[in-house]
Each structure stands twice: as C-alpha cells, then as structure tokens.
$ cat structure11.txt   # compact mmCIF, C-alpha atoms
# COMPACT_ATOMS: atom_id res chain seq x y z
CA MET A 1 118.08 -192.25 -111.82
CA GLU A 2 120.83 -194.65 -112.79
CA SER A 3 120.04 -196.82 -109.77
CA ASN A 4 116.35 -197.00 -110.67
CA GLU A 5 117.13 -197.91 -114.26
CA ARG A 6 119.51 -200.64 -113.11
CA GLN A 7 116.93 -202.07 -110.70
CA ASP A 8 114.32 -202.10 -113.46
CA ALA A 9 116.72 -203.91 -115.80
CA MET A 10 117.62 -206.47 -113.15
CA ALA A 11 113.93 -207.16 -112.49
CA ARG A 12 113.35 -208.00 -116.13
CA ALA A 13 115.36 -211.22 -115.80
CA ASN A 14 112.49 -212.76 -113.86
CA PRO A 15 109.40 -213.79 -115.85
CA SER A 16 106.26 -214.02 -113.75
CA GLN A 17 105.67 -217.46 -112.31
CA GLU A 18 102.10 -217.39 -113.56
CA ALA A 19 103.28 -216.86 -117.15
CA LEU A 20 105.79 -219.70 -116.86
CA GLU A 21 103.15 -222.08 -115.54
CA LYS A 22 100.55 -221.13 -118.16
CA ALA A 23 103.02 -221.44 -121.02
CA GLU A 24 104.18 -224.82 -119.73
CA ARG A 25 100.61 -226.13 -119.48
CA ALA A 26 99.76 -224.87 -122.97
CA ALA A 27 102.91 -226.39 -124.43
CA ALA A 28 102.19 -229.70 -122.71
CA GLY A 29 98.76 -229.90 -124.32
CA GLU A 30 96.27 -228.67 -121.72
CA GLY A 31 93.38 -228.06 -124.09
CA PRO A 32 93.40 -226.42 -127.51
CA PRO A 33 94.14 -222.68 -127.61
CA PHE A 34 90.95 -222.03 -129.61
CA ARG A 35 87.65 -223.93 -129.85
CA ARG A 36 85.31 -221.62 -131.80
CA VAL A 37 86.54 -219.30 -134.55
CA LEU A 38 84.43 -216.44 -135.91
CA VAL A 39 85.17 -215.27 -139.47
CA PRO A 40 83.31 -212.07 -140.48
CA LEU A 41 83.04 -211.70 -144.28
CA ASP A 42 81.83 -208.88 -146.51
CA GLY A 43 81.42 -210.98 -149.67
CA SER A 44 84.67 -209.89 -151.32
CA ARG A 45 87.44 -212.21 -152.46
CA LEU A 46 89.91 -210.13 -150.46
CA ALA A 47 88.07 -210.85 -147.22
CA GLU A 48 87.99 -214.55 -148.11
CA THR A 49 91.79 -214.74 -148.08
CA VAL A 50 91.71 -215.40 -144.32
CA LEU A 51 89.68 -218.58 -144.81
CA GLY A 52 92.88 -220.53 -145.39
CA ILE A 53 94.14 -219.36 -141.99
CA ALA A 54 90.83 -220.14 -140.28
CA THR A 55 90.53 -223.65 -141.73
CA ARG A 56 94.16 -224.47 -140.93
CA LEU A 57 93.65 -223.41 -137.33
CA ALA A 58 90.36 -225.28 -137.11
CA ASP A 59 91.94 -228.47 -138.41
CA ALA A 60 94.97 -228.16 -136.11
CA CYS A 61 93.04 -227.20 -132.98
CA GLY A 62 89.87 -229.20 -133.59
CA ALA A 63 87.87 -225.97 -133.61
CA SER A 64 84.58 -225.09 -135.25
CA ILE A 65 84.21 -222.17 -137.67
CA ILE A 66 81.36 -219.65 -137.72
CA LEU A 67 81.02 -217.61 -140.92
CA LEU A 68 79.32 -214.26 -140.36
CA HIS A 69 77.96 -211.57 -142.65
CA ILE A 70 76.53 -208.37 -141.21
CA ILE A 71 74.12 -206.32 -143.30
CA GLU A 72 75.50 -202.80 -143.13
CA LYS A 73 73.25 -199.77 -142.94
CA ASN A 74 73.67 -197.43 -145.89
CA ALA A 75 76.19 -199.85 -147.38
CA PRO A 76 78.05 -198.87 -150.56
CA ALA A 77 77.09 -200.67 -153.75
CA ALA A 78 80.57 -202.15 -154.11
CA VAL A 79 83.32 -203.21 -151.71
CA HIS A 80 86.91 -203.63 -152.90
CA GLY A 81 85.67 -203.41 -156.46
CA GLU A 82 83.08 -206.17 -156.03
CA ARG A 83 79.33 -206.24 -155.45
CA HIS A 84 78.48 -205.59 -151.83
CA LEU A 85 76.18 -208.12 -150.17
CA SER A 86 73.50 -205.77 -148.92
CA ASP A 87 70.44 -208.06 -148.76
CA THR A 88 69.69 -211.10 -146.65
CA ALA A 89 68.95 -213.54 -149.48
CA SER A 90 72.25 -212.89 -151.27
CA ALA A 91 74.22 -213.05 -148.04
CA GLU A 92 72.65 -216.34 -146.95
CA ALA A 93 73.24 -217.93 -150.35
CA TYR A 94 76.83 -216.75 -150.28
CA LEU A 95 77.56 -218.10 -146.78
CA ALA A 96 75.76 -221.39 -147.41
CA ASP A 97 77.85 -221.97 -150.54
CA LEU A 98 81.08 -221.17 -148.67
CA ALA A 99 80.10 -223.51 -145.85
CA ARG A 100 79.61 -226.34 -148.35
CA GLN A 101 82.99 -225.66 -149.91
CA LEU A 102 84.78 -225.59 -146.54
CA GLY A 103 82.90 -228.43 -144.89
CA GLY A 104 85.28 -231.21 -145.91
CA ASN A 105 87.67 -233.07 -143.61
CA GLU A 106 84.86 -233.34 -141.04
CA ARG A 107 85.13 -229.62 -140.24
CA SER A 108 82.35 -228.08 -138.23
CA ILE A 109 81.13 -225.06 -140.22
CA GLU A 110 78.27 -222.82 -139.12
CA TRP A 111 77.07 -219.63 -140.74
CA HIS A 112 74.91 -216.70 -139.79
CA THR A 113 73.60 -213.53 -141.43
CA HIS A 114 72.73 -210.59 -139.25
CA GLU A 115 69.64 -209.41 -141.09
CA VAL A 116 68.92 -206.09 -139.36
CA PRO A 117 71.16 -203.42 -140.94
CA VAL A 118 73.65 -201.92 -138.49
CA GLY A 119 75.76 -198.79 -138.62
CA ASP A 120 78.60 -200.08 -136.41
CA VAL A 121 79.99 -203.26 -137.95
CA ALA A 122 82.76 -203.66 -135.37
CA ALA A 123 80.30 -203.51 -132.47
CA SER A 124 78.11 -206.09 -134.19
CA ILE A 125 81.10 -208.41 -134.62
CA ALA A 126 81.84 -208.05 -130.91
CA ASP A 127 78.21 -208.80 -130.03
CA HIS A 128 78.22 -211.95 -132.16
CA ALA A 129 81.53 -213.07 -130.63
CA LEU A 130 79.85 -212.92 -127.23
CA GLU A 131 76.62 -214.51 -128.45
CA TYR A 132 78.39 -217.49 -130.05
CA ASP A 133 80.96 -217.84 -127.26
CA VAL A 134 83.90 -217.63 -129.66
CA ASP A 135 87.49 -217.44 -128.47
CA LEU A 136 89.06 -216.15 -131.70
CA ILE A 137 88.06 -213.72 -134.44
CA VAL A 138 89.83 -213.99 -137.80
CA LEU A 139 89.71 -210.87 -139.96
CA CYS A 140 91.35 -209.50 -143.06
CA THR A 141 92.86 -206.06 -143.25
CA HIS A 142 93.01 -204.72 -146.77
CA GLY A 143 95.74 -202.19 -146.24
CA SER A 144 93.80 -199.45 -147.98
CA GLY A 145 94.74 -196.85 -145.39
CA GLY A 146 93.18 -193.42 -145.68
CA LEU A 147 92.35 -190.70 -143.18
CA ARG A 148 89.27 -192.42 -141.76
CA GLU A 149 91.29 -195.53 -140.82
CA VAL A 150 94.03 -193.44 -139.20
CA ILE A 151 91.55 -191.54 -137.04
CA TRP A 152 88.97 -194.16 -136.19
CA GLY A 153 90.98 -197.33 -136.54
CA SER A 154 90.18 -200.28 -138.76
CA ILE A 155 87.23 -202.58 -138.08
CA ALA A 156 89.75 -205.21 -136.98
CA GLN A 157 91.22 -202.88 -134.33
CA GLN A 158 87.79 -201.85 -133.13
CA ALA A 159 86.62 -205.46 -132.92
CA LEU A 160 89.62 -206.27 -130.74
CA GLN A 161 88.90 -203.33 -128.48
CA LEU A 162 85.21 -204.13 -128.14
CA SER A 163 85.14 -207.93 -128.06
CA ARG A 164 88.04 -208.62 -125.69
CA VAL A 165 88.82 -211.96 -127.36
CA PRO A 166 91.93 -212.53 -129.49
CA VAL A 167 91.83 -211.26 -133.05
CA LEU A 168 93.97 -212.76 -135.80
CA ILE A 169 94.51 -210.33 -138.66
CA GLY A 170 95.72 -211.42 -142.07
CA ARG A 171 96.82 -208.89 -144.67
CA ALA A 172 95.45 -209.31 -148.17
CA ARG A 173 97.09 -207.82 -151.23
CA LYS A 174 95.52 -207.63 -154.64
CA ASP A 175 98.85 -207.81 -156.43
CA THR A 176 100.23 -210.98 -154.84
CA ALA A 177 99.05 -214.56 -154.44
CA GLN A 178 98.02 -215.52 -150.93
CA GLU A 179 100.54 -217.88 -149.36
CA PRO A 180 99.37 -221.05 -147.59
CA PHE A 181 99.21 -220.73 -143.81
CA VAL A 182 101.81 -223.27 -142.70
CA PRO A 183 103.92 -221.39 -140.15
CA GLN A 184 107.22 -223.04 -139.31
CA THR A 185 108.12 -220.34 -136.79
CA ILE A 186 105.93 -218.09 -134.62
CA MET A 187 107.32 -214.83 -133.29
CA VAL A 188 106.20 -213.79 -129.79
CA THR A 189 106.88 -210.15 -128.97
CA LEU A 190 107.79 -209.51 -125.34
CA ASP A 191 108.95 -206.56 -123.26
CA ALA A 192 109.67 -208.25 -119.92
CA THR A 193 106.35 -207.25 -118.36
CA PRO A 194 103.60 -209.57 -117.10
CA VAL A 195 101.21 -207.75 -119.44
CA ALA A 196 103.15 -208.80 -122.56
CA GLU A 197 103.49 -212.34 -121.20
CA ALA A 198 99.76 -212.81 -121.89
CA ALA A 199 100.84 -213.74 -125.43
CA LEU A 200 102.80 -216.78 -124.26
CA PRO A 201 100.05 -219.34 -123.46
CA PRO A 202 98.14 -219.03 -126.78
CA ALA A 203 101.43 -218.91 -128.71
CA ALA A 204 102.63 -222.09 -126.99
CA GLY A 205 99.31 -223.82 -127.64
CA LEU A 206 99.43 -222.89 -131.33
CA ALA A 207 103.04 -224.02 -131.64
CA ARG A 208 102.00 -227.41 -130.29
CA CYS A 209 98.98 -227.71 -132.58
CA LEU A 210 100.77 -226.45 -135.70
CA GLY A 211 104.09 -228.16 -135.09
CA ALA A 212 105.87 -224.80 -135.18
CA ARG A 213 108.81 -223.36 -133.26
CA LEU A 214 108.52 -220.25 -131.10
CA ARG A 215 110.87 -217.30 -131.40
CA LEU A 216 110.76 -215.11 -128.30
CA VAL A 217 111.90 -211.64 -129.33
CA MET A 218 112.54 -208.51 -127.31
CA VAL A 219 113.92 -205.14 -128.40
CA VAL A 220 116.23 -203.07 -126.19
CA ALA A 221 116.73 -199.43 -127.11
CA THR A 222 119.96 -197.84 -128.23
CA SER A 223 120.92 -194.38 -127.03
CA SER A 224 119.63 -192.96 -130.31
CA THR A 225 116.22 -194.71 -130.09
CA LEU A 226 115.31 -193.86 -126.50
CA SER A 227 111.93 -192.26 -125.90
CA ARG A 228 111.58 -188.51 -125.79
CA ALA A 229 111.17 -188.65 -122.04
CA GLN A 230 114.46 -190.55 -121.63
CA SER A 231 116.56 -188.67 -124.19
CA PRO A 232 117.41 -185.55 -122.11
CA ALA A 233 118.83 -187.61 -119.25
CA ALA A 234 120.71 -189.82 -121.71
CA ALA A 235 122.30 -186.75 -123.30
CA LEU A 236 123.54 -185.62 -119.89
CA MET A 237 124.94 -189.05 -118.97
CA PRO A 238 125.91 -190.77 -122.25
CA ILE A 239 128.43 -193.22 -120.77
CA ALA A 240 126.13 -194.25 -117.93
CA THR A 241 123.24 -194.60 -120.38
CA GLU A 242 125.21 -196.93 -122.64
CA ALA A 243 126.19 -199.04 -119.64
CA ILE A 244 122.58 -199.26 -118.48
CA LEU A 245 121.36 -200.28 -121.93
CA ASP A 246 124.07 -202.93 -122.24
CA LEU A 247 123.02 -204.29 -118.86
CA GLU A 248 119.41 -204.26 -119.99
CA GLU A 249 120.35 -206.29 -123.07
CA GLN A 250 121.99 -208.94 -120.90
CA GLN A 251 119.02 -209.03 -118.54
CA ALA A 252 116.66 -209.33 -121.51
CA THR A 253 118.67 -212.27 -122.79
CA ASP A 254 118.48 -213.99 -119.40
CA TYR A 255 114.75 -213.31 -119.21
CA LEU A 256 114.00 -214.76 -122.64
CA GLU A 257 116.25 -217.77 -122.13
CA ARG A 258 114.42 -218.69 -118.95
CA LEU A 259 111.12 -218.59 -120.81
CA ALA A 260 112.59 -220.59 -123.70
CA ASP A 261 113.96 -223.20 -121.30
CA THR A 262 110.51 -223.65 -119.76
CA LEU A 263 108.93 -224.13 -123.19
CA ARG A 264 111.64 -226.55 -124.36
CA SER A 265 111.20 -228.62 -121.21
CA ALA A 266 107.52 -228.99 -122.17
CA GLY A 267 108.40 -230.17 -125.68
CA ILE A 268 108.04 -226.92 -127.64
CA GLY A 269 110.94 -225.72 -129.76
CA ALA A 270 111.83 -222.21 -128.61
CA VAL A 271 114.67 -219.77 -129.20
CA ALA A 272 115.38 -216.34 -127.73
CA GLU A 273 116.59 -213.24 -129.53
CA VAL A 274 117.30 -209.72 -128.31
CA ARG A 275 117.60 -206.90 -130.84
CA ARG A 276 118.69 -203.30 -130.40
CA GLY A 277 116.85 -200.29 -131.79
CA SER A 278 113.24 -199.10 -132.10
CA PRO A 279 110.63 -201.78 -131.28
CA VAL A 280 108.44 -201.59 -134.39
CA GLY A 281 111.29 -201.31 -136.88
CA GLU A 282 113.36 -204.09 -135.35
CA LEU A 283 110.45 -206.48 -134.90
CA ALA A 284 109.23 -205.94 -138.46
CA GLN A 285 112.73 -206.50 -139.81
CA ASP A 286 113.23 -209.54 -137.63
CA THR A 287 110.07 -211.33 -138.71
CA GLY A 288 111.00 -210.66 -142.34
CA GLU A 289 114.50 -212.03 -141.89
CA HIS A 290 113.20 -215.24 -140.34
CA ARG A 291 110.11 -215.52 -142.55
CA ASP A 292 107.87 -216.04 -139.52
CA GLY A 293 104.48 -217.42 -140.43
CA LEU A 294 102.70 -215.77 -137.50
CA VAL A 295 103.33 -212.98 -134.99
CA VAL A 296 101.70 -213.11 -131.54
CA SER A 297 101.53 -209.98 -129.42
CA ALA A 298 99.55 -208.78 -126.41
CA THR A 299 97.94 -205.39 -126.89
CA HIS A 300 95.48 -202.96 -125.38
CA GLY A 301 93.74 -202.89 -128.76
CA ARG A 302 93.80 -199.10 -128.83
CA ALA A 303 92.83 -197.66 -132.19
CA GLY A 304 93.34 -194.50 -134.15
CA LEU A 305 94.77 -191.38 -132.53
CA GLN A 306 95.00 -193.08 -129.15
CA ALA A 307 97.31 -195.69 -130.65
CA ILE A 308 99.49 -192.98 -132.17
CA TRP A 309 99.97 -191.32 -128.81
CA THR A 310 100.73 -194.62 -127.06
CA SER A 311 103.18 -195.77 -129.77
CA SER A 312 101.37 -199.06 -130.26
CA VAL A 313 103.91 -201.70 -131.26
CA ALA A 314 101.19 -204.11 -132.35
CA GLY A 315 99.57 -201.47 -134.54
CA GLY A 316 102.90 -200.65 -136.12
CA LEU A 317 103.59 -204.31 -136.85
CA LEU A 318 100.25 -204.69 -138.60
CA LYS A 319 101.34 -202.08 -141.12
CA ARG A 320 104.90 -203.34 -141.65
CA THR A 321 104.83 -207.12 -141.68
CA ARG A 322 103.46 -209.58 -144.23
CA ALA A 323 102.84 -212.26 -141.61
CA PRO A 324 99.40 -212.64 -139.97
CA VAL A 325 99.33 -211.04 -136.53
CA LEU A 326 97.48 -212.57 -133.58
CA LEU A 327 96.58 -209.87 -131.06
CA ILE A 328 95.86 -210.98 -127.51
CA PRO A 329 93.78 -208.31 -125.72
CA ILE A 330 94.88 -207.12 -122.33
CA VAL A 331 91.84 -207.06 -120.09
CA GLU A 332 92.32 -204.60 -117.27
CA SER A 333 90.22 -204.68 -114.12
$ encode --input "structure11.txt" --output "structure tokens"
Amino acid sequence: MESNERQDAMARANPSQEALEKAERAAAGEGPPFRRVLVPLDGSRLAETVLGIATRLADACGASIILLHIIEKNAPAAVHGERHLSDTASAEAYLADLARQLGGNERSIEWHTHEVPVGDVAASIADHALEYDVDLIVLCTHGSGGLREVIWGSIAQQALQLSRVPVLIGRARKDTAQEPFVPQTIMVTLDATPVAEAALPPAAGLARCLGARLRLVMVVATSSTLSRAQSPAAALMPIATEAILDLEEQQATDYLERLADTLRSAGIGAVAEVRRGSPVGELAQDTGEHRDGLVVSATHGRAGLQAIWTSSVAGGLLKRTRAPVLLIPIVES
C-alpha cells in the first residue's frame, strides 16, 4: 500500500502536456475565453446582482450578452419578496428596459422571453444555452437553502449538469452591498488530475482579459483529515502515513510550480500554494485570506444527494465563499 501511495504522489508532479499547452495558448491570447454570455433573470433585484459580473466579462472578453426570462408554470406570485414576472408582456418590458440600461459602451445586448410556461426552469436554461450557442451562463444563487435545495440541487447546479457549458455563480445577499467585479486574483482549484486541469485554460484566458493574477491552489490531507477509506490504514501505519503525506505535499508543490512557470512564461502572473487539511475548509479559508475575486474549478456538476455522497468540493465552496465561482463542467465520454 505504501508503495502505491508513493507512486501516486510521484505521478502528481507531472501535469498533463495537453493542459500545459492549452493554458499556455489561453494565456498568450488565443481567442477570448467566452464569446456569448447567457444571463437568466427572474425579475428580482437579487437576480440582477450578477449583471455587474456579466457586463465586466463582456467588456473584457468582447462578448455579447443574452438576457433571458423563462415563464414558469404555476409560478408563485412573488419571488424573493418581489413581484414575479409571470406574463409575457411584463417580462418583455422588463428585459427591454434592462437591455437599454446595459447597452452602453458598444455592448451587444440581446434579450428573449420564453413565452410558453415550463415546469423545469433549469432544463429550459440548458435548452436556450444550446439554441443560442452560448459558452457561459451567469446565474445568481440566493443562499436561501432549505430542504428542497439540498435534495434536488439549486437551479444553478442543475443548469450546469444539463447544459454542459461553464456556469458562473455569484452569491447575492440582501444585507450587504454588492461589490464591483474587479478581480485582482483568481483562485484555480487543482488536485493533480487531468480532470481538474480543465479549469486552467478558461482561468488563464480570464486572467489575461481581466488583468488578474492566478493563484493555483491544491490541498493535501493531514492524517486527521484523510477519507474514511484511508483512515484505518493510516491508524495502523501512522509514521508511514505522515511520511507519505509529506512527500505528497512536496510533489504537489512541484506540480503547481511547473504549471505556474508555464503560465508566467506566457505572460500571466501565477503563484502556487499548497495547503494541508480538508479540501473545502482550506480552500474556503484560503480564498478569504487572499480576497480572491473569482474561484475557478472543474466539476461534474452533480447536485443534491449525489453531491453529498461524492463530497463535491465545488459545491462546498459555493456555500462557504463570498467570491463568484466559475464551474467548468467535466464532459465524460
């Protein structure tokens, strides 16, 4: 067992060549990371808080924005304490007015109302993402929680799972003013697997467009934060386990530094940091300490109970960080 763990740790010092090449091309300016941005809105001021993020990205990347309202079947009369837009005329007037307000600085703003009431809003968002050939969805999560969200997942999570294009989620709070979206640093969460490296190209492209610096962060467990499957063996071999984890920390440092060197050579500021502990807790604390303006993470987009059983790091970060989180879906063949 110790030999296998050591071999796994040694392998983590080698980022995939494909990830290195993609990150280098993105950092060097091979096309904008996003061209068409879809912003679903429900008519509430809370949902509108992501418009600052969407317009900043559109201006930086030269992207167009599509505002979308979906008429919901059996919709409640109010949403987040405000009148719910449940008829086509009100929704079209609302979106047209927003488009006029946002259309300065030569921005390309489109808008669309889905007139036929639907019962599955997330599926409709995914359908429109495909129809309009968008490469980013920007959504607001309201942090209301509740049993239904735990079991079924939020609309944002479901949209990610169904649409298979990146979803940027901003958290709105009624009790605090929304901060301008001007990220100076962007955290990229990695775990030394090619799957997680899918976050690197869009993160590098955004860093170039926004003039931000990348922070490549990886968490290595301590003996007290190992998974349940690993804990029994660790208890039997505590000294060997500590040695393996220390080796893994060094290999993680080498791995991140190689990635950072590649990005720096392409003109993107990048630093590497390895933390010890549980992934969600350490990443949430880290982004708070550095006041990151954006977190980028690759994810399967699993929602609800499935995410609980798979210990979704991205899902945990959504609940524990103030920064917007850009989720890059992992598309499996």
$ residues_near_point --input "structure11.txt" --point "(109.1, -212.8, -130.7)" --cutoff "8 Å" --atoms "all atoms listed in the file" --output "PyMOL selection string"
chain A and resi 186-190+214-218+272-273+283+295-296
$ write_last_selection --input "structure11.txt" --atoms "C-alpha atoms" --output "PDB file, keeping the file's coordinate frame"
ATOM      1  CA  ILE A 186     105.930-218.090-134.620  1.00  0.00           C
ATOM      2  CA  MET A 187     107.320-214.830-133.290  1.00  0.00           C
ATOM      3  CA  VAL A 188     106.200-213.790-129.790  1.00  0.00           C
ATOM      4  CA  THR A 189     106.880-210.150-128.970  1.00  0.00           C
ATOM      5  CA  LEU A 190     107.790-209.510-125.340  1.00  0.00           C
ATOM      6  CA  LEU A 214     108.520-220.250-131.100  1.00  0.00           C
ATOM      7  CA  ARG A 215     110.870-217.300-131.400  1.00  0.00           C
ATOM      8  CA  LEU A 216     110.760-215.110-128.300  1.00  0.00           C
ATOM      9  CA  VAL A 217     111.900-211.640-129.330  1.00  0.00           C
ATOM     10  CA  MET A 218     112.540-208.510-127.310  1.00  0.00           C
ATOM     11  CA  ALA A 272     115.380-216.340-127.730  1.00  0.00           C
ATOM     12  CA  GLU A 273     116.590-213.240-129.530  1.00  0.00           C
ATOM     13  CA  LEU A 283     110.450-206.480-134.900  1.00  0.00           C
ATOM     14  CA  VAL A 295     103.330-212.980-134.990  1.00  0.00           C
ATOM     15  CA  VAL A 296     101.700-213.110-131.540  1.00  0.00           C
TER      16      VAL A 296
END
$ closest_residue --input "structure11.txt" --among "A:Ala221, A:Leu38, A:Val50, A:Ala266" --to "Trp111 (chain A)" --atoms "all atoms listed in the file"
A:Leu38
$ atom_distance --input "structure11.txt" --atom1 "CA of Thr299 (chain A)" --atom2 "CA of Thr262 (chain A)"
23.3 Å
$ residues_around --input "structure11.txt" --residues "Lys22 (chain A)" --least-positions-apart "5" --cutoff "9 Å" --atoms "only C-alpha atoms" --output "mmCIF file with C-alpha atoms, keeping the file's coordinate frame"
data_model
loop_
_atom_site.group_PDB
_atom_site.id
_atom_site.type_symbol
_atom_site.label_atom_id
_atom_site.label_comp_id
_atom_site.auth_asym_id
_atom_site.auth_seq_id
_atom_site.Cartn_x
_atom_site.Cartn_y
_atom_site.Cartn_z
ATOM 1 C CA GLN A 17 105.670 -217.460 -112.310
ATOM 2 C CA ALA A 27 102.910 -226.390 -124.430
ATOM 3 C CA LEU A 200 102.800 -216.780 -124.260
ATOM 4 C CA PRO A 201 100.050 -219.340 -123.460
#
$ closest_residue --input "structure11.txt" --among "A:Val280, A:Ala298, A:Leu68, A:Leu46" --to "Thr321 (chain A)" --atoms "all atoms listed in the file"
A:Val280
$ closest_residue --input "structure11.txt" --among "A:Gly269, A:Pro194, A:Gly205, A:Pro324" --to "Ile53 (chain A)" --atoms "all atoms listed in the file"
A:Pro324
$ atom_distance --input "structure11.txt" --atom1 "CA of Pro117 (chain A)" --atom2 "CA of Gln161 (chain A)"
21.7 Å
$ closest_residue --input "structure11.txt" --among "A:Ile65, A:Leu327, A:Ala192, A:Ile137" --to "His112 (chain A)" --atoms "only C-alpha atoms"
A:Ile65
$ residues_around --input "structure11.txt" --residues "Glu92 (chain A)" --least-positions-apart "5" --cutoff "12 Å" --atoms "all atoms listed in the file" --output "list in words"
Leu41, Asp42, Gly43, Leu67, Leu68, His69, Ile70, Ile71, Leu85, Ser86, Asp87, Asp97, Leu98, Ala99, Glu110, Trp111, His112, Thr113, His114 and Glu115 of chain A
